[in-house]
Amino acid sequence: MLMLPEIVVIATAMAVLCVDLLIDEKRRVALAPLALAGLAVAFVATVLQYPAIGSDMFGGRYALDSVGWWFKLIFILATLLTVGISLDSLDGRGTVPSERLPARGEYYVAMLFTLSGMMFMVSARDLVMLYVSLELATIPLFALTAWRRDSLSGEAGLKYVIIGALGSAILLYGFSFFYGLTGETALSAISAKLTALTPAYILAAAMVTAGIGFKMTLVPSHMWAADVYQGAPTPVTAYLSVASKGAGLALMFQVFYRTMGHLVNDWTMVIAVVATATMTLGNLVAIVQQDIKRFMAFSSISQAGYLVMGFLGPAPEGVPAMLYYLLVYVVTNLAVFAVIIFHSNQTGSRNVEDYRGLSRTNPAMALAMMLALFSLAGIPPLAGFVGKFFLFSVAAKAGLNWLVAVAAVNSTISLYYYLRIVRQMYIEPAVAGATALRVTPAIACVTVFSVAATILTGVIPFFYELVHADTVKWLALVVR
Amino acid sequence: MLSAAVTTVLFFALLALAVAFAVATVLTRRIFRSAIYLMGTLATSAAFYVMLGAEFLAGVQILVYVGGIVVLIVFAVMLTSSGEMLEDHPSALRRFLGFVVAAGFCATTVFVCFLTEFKSVAADKAVHAGDAAAIGRKLLDRGAEGYVLPFEIISLLLLCVVIAAIVIARKTGAAAGSGAGAGEQG
Amino acid sequence: MIEFLASYEPGVVTWLMLPAVLFAIGIYGLLTRRNAVGILISAELAINSAAMNFVIFNRFITPAKVDGQVMSLFIIAAAAAEVVVGVAIFVMLFKHRRTMDVTRMDAMRR
Amino acid sequence: MGLVSWLILLPFITAMAVVLMPERLKHLIRWIAALGTGAHLLLTTVVTVEFWKLASADAASMGTARFTKLYLVEQVPWFKSLGISYLVGLDGISLCMVILTSIIIFTGVMASWTVKERGREFFALLLTLVTGVFGVFVSFDLFLFFVFYEIAVLPMYLLIGVWGTGPKEYSAMKLTLMLMAGSALILVGILALYHMSGLHTFDLMQLATVNYPVGFQKWVFPVVFIGFGVLGALYPFHTWSPDGHASAPTAVSMLHAGVLMKLGGYGALRIAVYLMPEGAKEWGLFFMGLTTINILYGSFGAIMQKDLKYFTAYSSVSHCGFVLFGVATLNLIGMKGAVIQMFSHGIMTGLFFGLIGMVYGRTHTRMIPEMGGLGKVMPWLTVTFFIGGLASLGLPGLSGFVAEIHVFLGGFFGNPWHSITAMRVLTILATMSIVVTAVYVLRGLGKVFMGPIEDKHFLELTDATIPEKISTGILVATLVVVGMAPWLIVNLVEPAVMPIVNRLNGMP
Amino acid sequence: MSPGWMPCGDSGARPMQHILDYEFVLRNAWLIPALPLVSFAIVGLFIRPRSAKLSGFVATAAVFASAVLAWILAAGYFRSAEGGHAALVPWSMEWLRFQENLSASVGVLVDPISVLLMVVVTTVSFLVHLYSIGYMHGDNGFGRFFTFLNLFTFSMLGLVVAPNIVQMYVCWELVGVSSFLLIGFYYEKPSAVAACKKAFIVTRFADLGFMIGVLILGYYGYSFFTGAGSTAVGQPFDFAYLTSPAFLEKFSQVATGVPGLTLITVAMVLVYMGAAGKSAMFPLHIWLPDAMEGPTPVSALIHAATMVVAGVYLVARMFPVFAASEQALMVVAGVGAFTSLFAAVIGCTQDDIKRVLAFSTLSQLGYMMFALGVSTVHEAAGYTASMFHLFTHAFFKALLFLGAGAVIHAVHENDIWKMGGLARKMPVTHATFLIATLSIAGIYPFAGFFSKDEILAAALYGGHPIIFGTGLLVAGLTAFYMWRIYFITFWGKARCEKAGHAHEAPVVMLVPLVVLAALSVVSGFVPFAEYVYLGEKPPHEGINMGVAVPGTIAGVLGIAIAWFLYAGDAGRASALVARMGGSYRHIRNKFYFDEIYIFVTKRVVFAFVAAPIAWFDRHVVDGGVNLTAWCTRTSGAVLRYLQTGQVQTYGAWFVTGVLFVTLILWKMFM
């Protein structure tokens, strides 16, 4: 059945909910394996859906295409890894009490529901479903942001809710014009009828772009991200920075390609400007950050800037490039967050300076962190480089060599601040009396997996080739 | 004819009322009143829905929006009032900026709407299908015209939100071990 | 006068003015209210106006169908969900801060 | 897996082997490093012999067609959808650079015999870096090239940052960022070249068959050339070099000045000039001007330096100027000279930095005025230092001369596209550096090694140890062999430069 | 010096005779430079660290072998080639290939002047080696000294036999560096360090000109060599080609753009700059007096007999090219004549015995130079004379230095005013020194007389009366200052304690003195013009009385004045000095050339070029880089203030963003 992965995810959520009700607190440790198992099944189910790519349900209102398939895989993977790095905080394995999170059953439920929302979103073929699943993918995150239930977490939640409400209002307003101009809700029908460039279309496009920008943290609707990422519980920050951003990209695919596909080629300049502003701003502000999560927020803002470069120009390679980069970004960023969580769980650290001497207190994690940061900075042969290269290649193909230059220089700037952490870890001596830091199995697994993926996806062409083979023709199918 | 005229008058009257309520909502210094004015705006909106032939939706608007959401907001107002019943005025700069942005947005939207020709796609304008049955069918239709899937999804959303909201807002302290009660309450 | 009134039927553009103005007012409120709940209220105004847009378009563009109304229905539901979470967070935060003034919600900045 | 792949893999395997060792087995770690690099030296010899056999067989049978031929090629598709493949091979220039690198890394490991702190990480990073360097020199796919290029640059940050001296963080950061900014430009160029060619391949040899539009070349050429120029210490993008070299530990300085800076010249020749001859014709004189500044500026700058490492670093700026100068002459002699200068300067500067490290390890100062009369207590180091110094001032019989005479002659011979008067004026200006070089080399070395002993403690210092003797001995021997028998390197380089010349001349 | 090696023709040992016959030596002429090279490598790498003594013997033996070969070669060459001494290249190989038709080879050129120089170099070198065994005895750097000497001998021989200009340049630099090493032999002495640096840098500066000259010649050589209608063989760098009429005819047509200045003049002046540097012509002379900081045998070998004549040799080697440009020749003659006078004047005032000899060398080199400058291709008497003087001068100047060395060795003092009365204590030294002094003063029948005579004759009959006059004056001055030191050193009483206890030098040092003294006497009688000439063989002329008489009178006059001033009462000299006042001081301070040079390098070049560049680099270029970093960081620090923490501000940006995007799209599409 085409919807099997979603159903598995929802069923897992329900199962977690029920089990959570039935067992007492001590045994709720089992919830994490349950959620992980469910996610693993969903992953496998998605993989098994591969032959079904191209088919649909509900009279075409729900469909699975190659891009969607990849998105779903990436979302499930991201969730899987996020659960993996969350469970220490939830089960209270860390040594620092302030990092503990309450209500693990509900936490997993909320996360799984969010995941299902994302998965529905990529399969949505009409505005209604797109909107509803987007809300499902977003609103639980507001709650997750405030999950730690302290002052900062609450403030982050408040900001997220307010900007989220604004964003969804603007997005909706834009959608309403899509509807008004065509009288259709099905995306393909809208696309087919939206031929004339009327003023309302332009306004709608702008509003929708801004609404997506909120999800994707594109300038100028990126500003919430820094505060929210900083305040949110660290695993949630990780999730926001990968899955939620991925959802934003999926939404962008749905809107830009599927709905306004014939226009997207003419949009190059807007995207170029937005991408430039996003990566530059993110990078420049990241330089001066002290708080590691806030730092990663700006880093991920700049990554979003790179990510949208795939939309430039009419090249079909943009699609696989973006998907691949998203995949890479997910594993890489999660590797970084795994280390951050590990470190804050062990030491309660918040700041970049707290990482001093990590290469002595835990060399393996320091190495993982360094590799992941280098991948984010786009250093070969790590996957981050390969991904960026393909994205830059899209921009170059579109003739935007200046943008390639800007992006490449930005990579250099980003290297500067990533190296700040590397410097703390490797060059600065450890604090006097620092002892070796132990890493928990879950974090270790996630870190090993992510770092291995970061290296292997870059070196082994298989992954990119697969994405490319699957999705390079997608654009031609969607945009007629 | 007279009824048509009355309708027209009513339209403009409601229009004025809606705008007045909305303006009052954002300008009043008492947050509780603001909630009440919001209720007014939403109610007038419901009236517009009736005028637009969406009677069912109007009902839902009254029930869910006015009866549910606003009530929730009123609760929130009560729970978060620390005796300061009057809200501080926003700073002049903020008001100015807010006005400029909002006015710019308004002007753009209005301008755009005037410039754009929205073409009806139906041959017969008279067809009126806004009854509850049609909507119900739509919501349960599994075919190409139906919205059964979003309907399911929204239920998931609501479920999830309720659970999450309880976790966030419950009274007990932040200690992880004490999350036991949350599920039962949900 | 009455003839005029009777013969006058507000067109789609006239109708669209209303949500446009409401939306803008909502935005204004969102950007200026200091109470977080007030902001949420303003946001509801804006979302409501977007929903209204759908109804208007439904009436004028595809009177034979009800897709716009259905969309509005979902918007109302989603707005409710948003408010629920929002209120929960506000209440929780209020416990910590004893205030709802968003201008003071800047423990994280720069 | 062919020989050339092993050239890349061997250091990497060694690095991994070092990583897997427990930290406390310090001796074992450096023995592994030494054995690995020693084995690499042997491997390089084997490769050289193999190359020589194949090349001479072709020289007899193929005539001029052999110029564009690569040897020991290995090609495996990598990212097929973009036409990226793992394409490695050797031509004369590559082989030359591989030999250079192999020598430098072996001697570098020997010179780092005394690294005490965190030796495991040190050798692992050093060997990783060198993996990248070998990769760059043998890869003929632009993507692969770029991958290795960055691998070669980045470990420098840690190597300087952790094991360096002085303002090491600052220097390391400056170095890394400037080089990365340069590589950003290269990336822009590579992508532009790829897309403009329409061939859907990153294969350098195939791209070299494309005649890019002149307008396109006009802007891409300077971008790429400057990108490589940053690493080649092109004025005014050279300032990472003095600080970086001064702060780096011995082996890193050796490798960096000796090999890494050559990547710049190599890339400028291989990619910028080879792929964009029209751009080169447009910009050649401009870059000749810049590199002339380099040459003079570096040597004048060196006169005033008090710190031996700054002194050598400025001298490197000057000498690397010769490399890019030679490239910018756009004729056979000049470009050949550039390659030979890369080799020669690599060995020479490697020797310098190695020796500075050894001297510093004994005197604990690098300030020239604080030293004096060391020749009495450390004759071996003195002699080798002087030979290095003489090579750097272009003394015939040592390799520096072979390179410099080529470069000067190349500059003087001019090319059909630039004003010959201007080229000659620049060449003569560049020639003046031989005097200035003599001034600073003799001033510096004279102060350090000759004259009365400055500090009584110096009398207790010892001469070179066995690893140090091996290390410096190999380098000196290379300088002498190349200087005395230049045909060895000239015959290697000339066929490899021919295709570039032919392309400039519009011949296939 | 095993006797078995000595007899080269009449020994009974057949194989030896076979090996050492002319044909063999000619074929293997490369052995002559190669032997010292091999010895250099072996001694330097293997023997020196183990046994100092052995290294001395091996080095000496190698040079001796070279000398033997050189003599055989010379004997065979000058005897065999009756109908004109052809230039032969018995051995060469491609060394440095620049491109098609342009490569530099290494090889051995055998022609009269190279054979001549080979003989001179190997002989003097051998004698100096021998002498040094005694002189350097007990020195810490004994082995090192011989290593360097061998290196020098190789380089010099390589220079001499160079068949092309690149090999010439290569060896030119190598002799420079050997000179550097040997001047700085006592590297712990700051003055020696300064001197060796000075010598190297000054000659290096001169070599810059040579280098540019080589570039010019290389370019045009290559162009004309490969140009249409060229039938040249060999390589463009070959002297054979560069001096060929085919090349010169075309090359002399190349203009520089400056009216009246042809490129050939520029090129040859540049090449001459190199020659002038090496031969210490004014104003590049300043290094040579300081070079006396080296051990005395070095001064004898390098800074008197051989290396410094390399400049003369270069001009001689390229004489046809110089001759193709009248202006270049004028420069050669003018600079030579001026230097000879200038140095002679300074030489009269110096107190350091070696410095006087150094200025004397300068003066004599100037002689050789102007002798070349006054010749032309057709009237090449000066060319022959120059070479002749080179030949004789090598012997008597080496002898003077070695003699001075013996004196210094005995007295441990360089200042002539602290010596005195050594004639009796060191009879052999005295006798040989006297011979040399007579020779340099140009007194018949000593060698100097003949060569000086020919030079003066060439100047006079070449139509250069001013130069002739200068030469005559210099001859007088030379006699004066040489006899001045002779009288002060050997006559009178010992002026210090050490001089009182001086002893005769050991035999190993005396043998070279005696041999050189013999050569200083007999070498004048060599029928030089038979062997070394340009173009047609000139008719043999005897002693030209018109020149010989004034020359001898000048010499005798000089001796007489010296005798008058210094042989007896020293008060006469000081009275004269007092009379001369300021001008004497200027002369004694060498006209302040050292000071000027130091001023120019330290105060002008270092202070106004190098220091500003270093400053500029640190503060402007590097400052620019830091500024970029600062700007980046600061913009980050400023932009972070956008992040106010006020959620409504974020909202305002959000909405503004919508409007902004709308605006862009509107602009683009409407």
# chains A, B, ... in the order shown; residues from 1 in each chain; ligands from 1
>>> residues_around(residues="D:Tyr235", least_positions_apart="5", cutoff="7 Å", atoms="only C-alpha atoms", output="PDB file with N, CA, C and O atoms, in the first residue's frame")
ATOM      1  N   LEU D 290      53.049  41.471 -11.995  1.00  0.00           N
ATOM      2  CA  LEU D 290      52.818  41.150 -10.582  1.00  0.00           C
ATOM      3  C   LEU D 290      53.927  40.263 -10.035  1.00  0.00           C
ATOM      4  O   LEU D 290      54.433  40.477  -8.927  1.00  0.00           O
ATOM      5  N   THR D 291      54.307  39.270 -10.834  1.00  0.00           N
ATOM      6  CA  THR D 291      55.304  38.344 -10.319  1.00  0.00           C
ATOM      7  C   THR D 291      56.675  39.003 -10.260  1.00  0.00           C
ATOM      8  O   THR D 291      57.492  38.631  -9.426  1.00  0.00           O
ATOM      9  N   ILE D 293      57.072  42.022  -9.328  1.00  0.00           N
ATOM     10  CA  ILE D 293      56.985  42.644  -8.001  1.00  0.00           C
ATOM     11  C   ILE D 293      57.292  41.590  -6.940  1.00  0.00           C
ATOM     12  O   ILE D 293      58.092  41.806  -6.033  1.00  0.00           O
ATOM     13  N   ASN D 294      56.640  40.450  -7.074  1.00  0.00           N
ATOM     14  CA  ASN D 294      56.889  39.334  -6.172  1.00  0.00           C
ATOM     15  C   ASN D 294      58.367  39.088  -5.950  1.00  0.00           C
ATOM     16  O   ASN D 294      58.858  38.981  -4.837  1.00  0.00           O
TER      17      ASN D 294
END
>>> closest_atom_pairs(of="chain D", to="chain A", cutoff="10 Å", atoms="only C-alpha atoms", output="tab-separated table")
residue	atom	partner	partner_atom	distance
D:Pro77	CA	A:Pro461	CA	9.0
D:Trp78	CA	A:Pro461	CA	5.8
D:Phe79	CA	A:Pro461	CA	5.4
D:Lys80	CA	A:Glu465	CA	7.2
D:Ser81	CA	A:Glu465	CA	6.7
D:Leu82	CA	A:Phe390	CA	8.6
D:Ile84	CA	A:Pro461	CA	9.7
D:Ser85	CA	A:Pro461	CA	9.9
D:Phe143	CA	A:Phe389	CA	9.0
D:Leu144	CA	A:Pro381	CA	9.2
D:Phe146	CA	A:Pro380	CA	8.2
D:Val147	CA	A:Pro380	CA	5.1
D:Phe148	CA	A:Pro380	CA	7.4
D:Tyr149	CA	A:Pro380	CA	8.7
D:Glu150	CA	A:Pro380	CA	6.4
D:Ile151	CA	A:Pro380	CA	6.3
D:Ala152	CA	A:Pro380	CA	9.9
D:Val153	CA	A:Ile379	CA	9.9
D:Leu154	CA	A:Ile379	CA	8.1
D:Tyr157	CA	A:Leu419	CA	8.5
D:Leu158	CA	A:Ile427	CA	7.4
D:Leu159	CA	A:Ile427	CA	9.6
D:Ile160	CA	A:Ile427	CA	9.4
D:Gly161	CA	A:Ile427	CA	6.0
D:Val162	CA	A:Ile427	CA	4.9
D:Trp163	CA	A:Ile427	CA	8.6
D:Gly164	CA	A:Ile427	CA	10.0
D:Lys168	CA	A:Ile427	CA	9.6
D:Glu169	CA	A:Arg423	CA	8.0
D:Met173	CA	A:Tyr416	CA	7.3
D:Lys174	CA	A:Tyr416	CA	9.2
D:Thr176	CA	A:Tyr416	CA	8.5
D:Leu177	CA	A:Thr412	CA	6.2
D:Met178	CA	A:Thr412	CA	8.4
D:Leu179	CA	A:Thr412	CA	9.0
D:Met180	CA	A:Thr412	CA	5.8
D:Ala181	CA	A:Thr412	CA	5.8
D:Gly182	CA	A:Val409	CA	8.8
D:Ser183	CA	A:Ala408	CA	8.3
D:Ala184	CA	A:Ala408	CA	4.8
D:Leu185	CA	A:Ala405	CA	6.4
D:Ile186	CA	A:Ala405	CA	9.3
D:Leu187	CA	A:Ala408	CA	7.4
D:Val188	CA	A:Ala405	CA	5.7
D:Gly189	CA	A:Asn401	CA	8.6
D:Ile190	CA	A:Ser393	CA	9.4
D:Leu191	CA	A:Ser393	CA	5.9
D:Ala192	CA	A:Ala396	CA	6.0
D:Leu193	CA	A:Ala396	CA	9.4
D:Tyr194	CA	A:Ser393	CA	8.7
D:His195	CA	A:Lys397	CA	5.8
D:Met196	CA	A:Lys397	CA	8.2
D:Val220	CA	A:Asn401	CA	9.8
D:Val223	CA	A:Ala405	CA	9.8
>>> residues_around(residues="stretch 410-414 of chain E", least_positions_apart="3", cutoff="6 Å", atoms="only C-alpha atoms", output="list in words")
Asp352, Ile353, Val407, Lys498, Ala499, Ala502 and His503 of chain E
>>> write_last_selection(atoms="N, CA, C and O atoms", output="compact mmCIF listing (two decimals), in the first residue's frame")
# COMPACT_ATOMS: atom_id res chain seq x y z
N ASP E 352 99.46 47.97 4.41
CA ASP E 352 99.32 46.52 4.51
C ASP E 352 99.96 45.90 3.28
O ASP E 352 99.62 46.23 2.15
N ILE E 353 100.87 45.02 3.49
CA ILE E 353 101.65 44.50 2.35
C ILE E 353 100.75 43.85 1.32
O ILE E 353 100.91 44.01 0.11
N VAL E 407 106.61 36.09 4.33
CA VAL E 407 106.96 37.13 5.30
C VAL E 407 105.94 37.17 6.42
O VAL E 407 106.28 37.18 7.61
N LYS E 498 108.62 40.80 16.64
CA LYS E 498 108.37 39.60 15.85
C LYS E 498 109.24 39.59 14.60
O LYS E 498 109.74 38.55 14.17
N ALA E 499 109.37 40.76 14.01
CA ALA E 499 110.18 40.82 12.82
C ALA E 499 111.62 40.45 13.14
O ALA E 499 112.35 39.89 12.32
N ALA E 502 112.08 36.65 13.05
CA ALA E 502 111.55 35.97 11.86
C ALA E 502 112.52 34.90 11.40
O ALA E 502 113.73 35.02 11.54
N HIS E 503 111.91 33.82 10.85
CA HIS E 503 112.73 32.75 10.30
C HIS E 503 112.35 32.51 8.87
O HIS E 503 111.25 32.84 8.44
>>> residues_around(residues="B:Val9", least_positions_apart="4", cutoff="8 Å", atoms="only C-alpha atoms", output="list of chain:residue names")
B:Ala5, B:Ala13, C:Leu5
>>> residues_around(residues="A:Ile443", least_positions_apart="6", cutoff="9 Å", atoms="only C-alpha atoms", output="PyMOL selection string")
chain A and resi 84-88+338-339+341-342
>>> write_last_selection(atoms="N, CA and C atoms", output="CSV table (one decimal), in the first residue's frame")
chain,number,residue,atom,x,y,z
A,84,GLY,N,17.4,9.0,18.1
A,84,GLY,CA,18.6,8.5,18.7
A,84,GLY,C,19.4,9.4,19.6
A,85,ILE,N,19.5,10.7,19.2
A,85,ILE,CA,20.2,11.6,20.0
A,85,ILE,C,19.4,12.2,21.1
A,86,SER,N,18.0,12.0,21.0
A,86,SER,CA,17.2,12.6,22.1
A,86,SER,C,17.1,11.7,23.3
A,87,LEU,N,17.3,10.4,23.1
A,87,LEU,CA,16.8,9.6,24.2
A,87,LEU,C,17.7,9.7,25.4
A,88,ASP,N,18.9,10.1,25.3
A,88,ASP,CA,19.6,10.3,26.5
A,88,ASP,C,19.0,11.4,27.4
A,338,ALA,N,24.8,15.6,17.5
A,338,ALA,CA,25.1,14.4,18.4
A,338,ALA,C,26.2,14.8,19.3
A,339,VAL,N,27.3,15.4,18.8
A,339,VAL,CA,28.4,15.8,19.6
A,339,VAL,C,28.0,16.9,20.6
A,341,ILE,N,25.1,17.4,21.8
A,341,ILE,CA,24.2,16.8,22.9
A,341,ILE,C,25.1,16.0,23.8
A,342,PHE,N,25.9,15.2,23.3
A,342,PHE,CA,26.9,14.5,24.1
A,342,PHE,C,27.6,15.4,25.1
>>> residues_around(residues="D:Met156", least_positions_apart="6", cutoff="8 Å", atoms="only C-alpha atoms", output="VMD selection string")
chain D and resid 129 172 176 252
>>> residues_around(residues="E:Tyr481", least_positions_apart="6", cutoff="9 Å", atoms="only C-alpha atoms", output="VMD selection string")
chain E and resid 344 to 345 347 to 350 356 360 558 to 559 562
>>> closest_atom_pairs(of="chain E", to="chain B", cutoff="7 Å", atoms="only C-alpha atoms", output="tab-separated table")
residue	atom	partner	partner_atom	distance
E:Ala652	CA	B:Val101	CA	7.0
E:Thr656	CA	B:Val101	CA	6.7
E:Leu659	CA	B:Phe105	CA	6.9
>>> interface_residues(of="chain A", to="chain C", cutoff="6 Å", atoms="only C-alpha atoms", output="list in words")
Val128, Ser151, Gly154, Val161, Ala169, Leu172, Tyr173, Ser176, Gly180, Gly183 and Asp227 of chain A
>>> write_last_selection(atoms="N, CA and C atoms", output="tab-separated table (two decimals), in the first residue's frame")
chain	number	residue	atom	x	y	z
A	128	VAL	N	-5.19	21.96	-0.08
A	128	VAL	CA	-5.75	21.67	1.24
A	128	VAL	C	-4.83	20.73	1.99
A	151	SER	N	12.34	28.80	31.22
A	151	SER	CA	12.14	30.15	30.71
A	151	SER	C	12.61	30.31	29.26
A	154	GLY	N	10.57	28.26	26.85
A	154	GLY	CA	9.27	28.88	26.66
A	154	GLY	C	9.37	30.09	25.75
A	161	VAL	N	5.88	30.28	17.88
A	161	VAL	CA	4.44	30.29	17.64
A	161	VAL	C	4.02	31.57	16.92
A	169	ALA	N	-0.26	32.52	8.19
A	169	ALA	CA	-1.24	33.46	7.66
A	169	ALA	C	-0.82	33.96	6.29
A	172	LEU	N	-1.07	31.24	3.72
A	172	LEU	CA	-2.47	31.00	3.37
A	172	LEU	C	-3.01	32.08	2.46
A	173	TYR	N	-2.67	33.28	2.78
A	173	TYR	CA	-3.12	34.38	1.95
A	173	TYR	C	-2.64	34.19	0.51
A	176	SER	N	-4.56	31.52	-1.08
A	176	SER	CA	-5.92	31.91	-1.46
A	176	SER	C	-5.92	32.56	-2.84
A	180	GLY	N	-7.91	31.59	-5.94
A	180	GLY	CA	-8.75	32.59	-6.58
A	180	GLY	C	-8.45	32.75	-8.05
A	183	GLY	N	-9.41	28.76	-9.33
A	183	GLY	CA	-10.57	28.02	-8.89
A	183	GLY	C	-10.29	26.55	-8.65
A	227	ASP	N	16.88	32.56	17.67
A	227	ASP	CA	16.38	32.51	19.04
A	227	ASP	C	15.75	31.17	19.35
>>> interface_residues(of="chain B", to="chain C", cutoff="7 Å", atoms="only C-alpha atoms", output="ChimeraX atom specification")
/B:1-2,4-5,8,15,19,22-23,26,31,35,38,52,57,65,69,76-77,79-80,82,87,90,94-95,98-99,102-103,105-106,109-110,113-114,119-122,125,127-130,135,158,161,165,168-169
>>> closest_atom_pairs(of="chain A", to="chain B", cutoff="8 Å", atoms="only C-alpha atoms", output="Markdown table")
| residue | atom | partner | partner_atom | distance |
| --- | --- | --- | --- | --- |
| A:Leu17 | CA | B:Gly183 | CA | 7.9 |
| A:Asp20 | CA | B:Gly183 | CA | 7.5 |
| A:Leu21 | CA | B:Gly183 | CA | 6.0 |
| A:Asp24 | CA | B:Ala180 | CA | 7.5 |
| A:Glu25 | CA | B:Ala180 | CA | 6.6 |
| A:Phe58 | CA | B:Gly143 | CA | 4.8 |
| A:Gly59 | CA | B:Ala144 | CA | 3.8 |
| A:Gly60 | CA | B:Ala144 | CA | 6.0 |
| A:Arg61 | CA | B:Ala144 | CA | 6.1 |
| A:Leu90 | CA | B:Ala176 | CA | 7.4 |
| A:Gly92 | CA | B:Ala176 | CA | 7.7 |
| A:Arg100 | CA | B:Ala176 | CA | 6.7 |
| A:Leu101 | CA | B:Ala176 | CA | 5.8 |
| A:Pro102 | CA | B:Ala176 | CA | 3.9 |
| A:Ala103 | CA | B:Gly179 | CA | 4.9 |
| A:Glu106 | CA | B:Ala164 | CA | 6.7 |
| A:Tyr107 | CA | B:Ala164 | CA | 7.9 |
| A:Val109 | CA | B:Cys160 | CA | 7.3 |
| A:Ala110 | CA | B:Cys160 | CA | 6.1 |
| A:Phe113 | CA | B:Cys160 | CA | 6.9 |
| A:Gly117 | CA | B:Ile153 | CA | 7.7 |
| A:Val128 | CA | B:Pro150 | CA | 6.8 |
| A:Met129 | CA | B:Pro150 | CA | 5.0 |
| A:Val132 | CA | B:Pro150 | CA | 6.1 |
| A:Ser133 | CA | B:Ile153 | CA | 6.6 |
| A:Glu135 | CA | B:Leu157 | CA | 7.6 |
| A:Leu136 | CA | B:Leu157 | CA | 5.2 |
| A:Ile139 | CA | B:Val161 | CA | 7.3 |
| A:Pro140 | CA | B:Val161 | CA | 6.1 |
| A:Ala143 | CA | B:Ala164 | CA | 5.9 |
| A:Leu144 | CA | B:Ala164 | CA | 7.7 |
| A:Ala146 | CA | B:Ile168 | CA | 6.9 |
| A:Trp147 | CA | B:Ile168 | CA | 6.3 |
| A:Arg148 | CA | B:Ala174 | CA | 7.4 |
| A:Arg149 | CA | B:Ala174 | CA | 6.4 |
| A:Asp150 | CA | B:Ala174 | CA | 7.6 |
| A:Gly180 | CA | B:Phe118 | CA | 6.8 |
| A:Leu181 | CA | B:Phe118 | CA | 5.9 |
| A:Thr182 | CA | B:Val121 | CA | 7.6 |
| A:Gly183 | CA | B:Val121 | CA | 6.7 |
| A:Thr198 | CA | B:Thr116 | CA | 6.0 |
| A:Pro199 | CA | B:Val112 | CA | 5.4 |
| A:Ala200 | CA | B:Val112 | CA | 5.4 |
| A:Leu203 | CA | B:Val112 | CA | 7.3 |
>>> interface_residues(of="chain E", to="chain D", cutoff="8 Å", atoms="only C-alpha atoms", output="number ranges by chain")
E: 95-99, 170-171, 173-174, 187-190, 193, 197, 200-201, 204-205, 208, 212, 215-216, 218-219, 606, 609-611, 613-614, 617, 621-622, 625
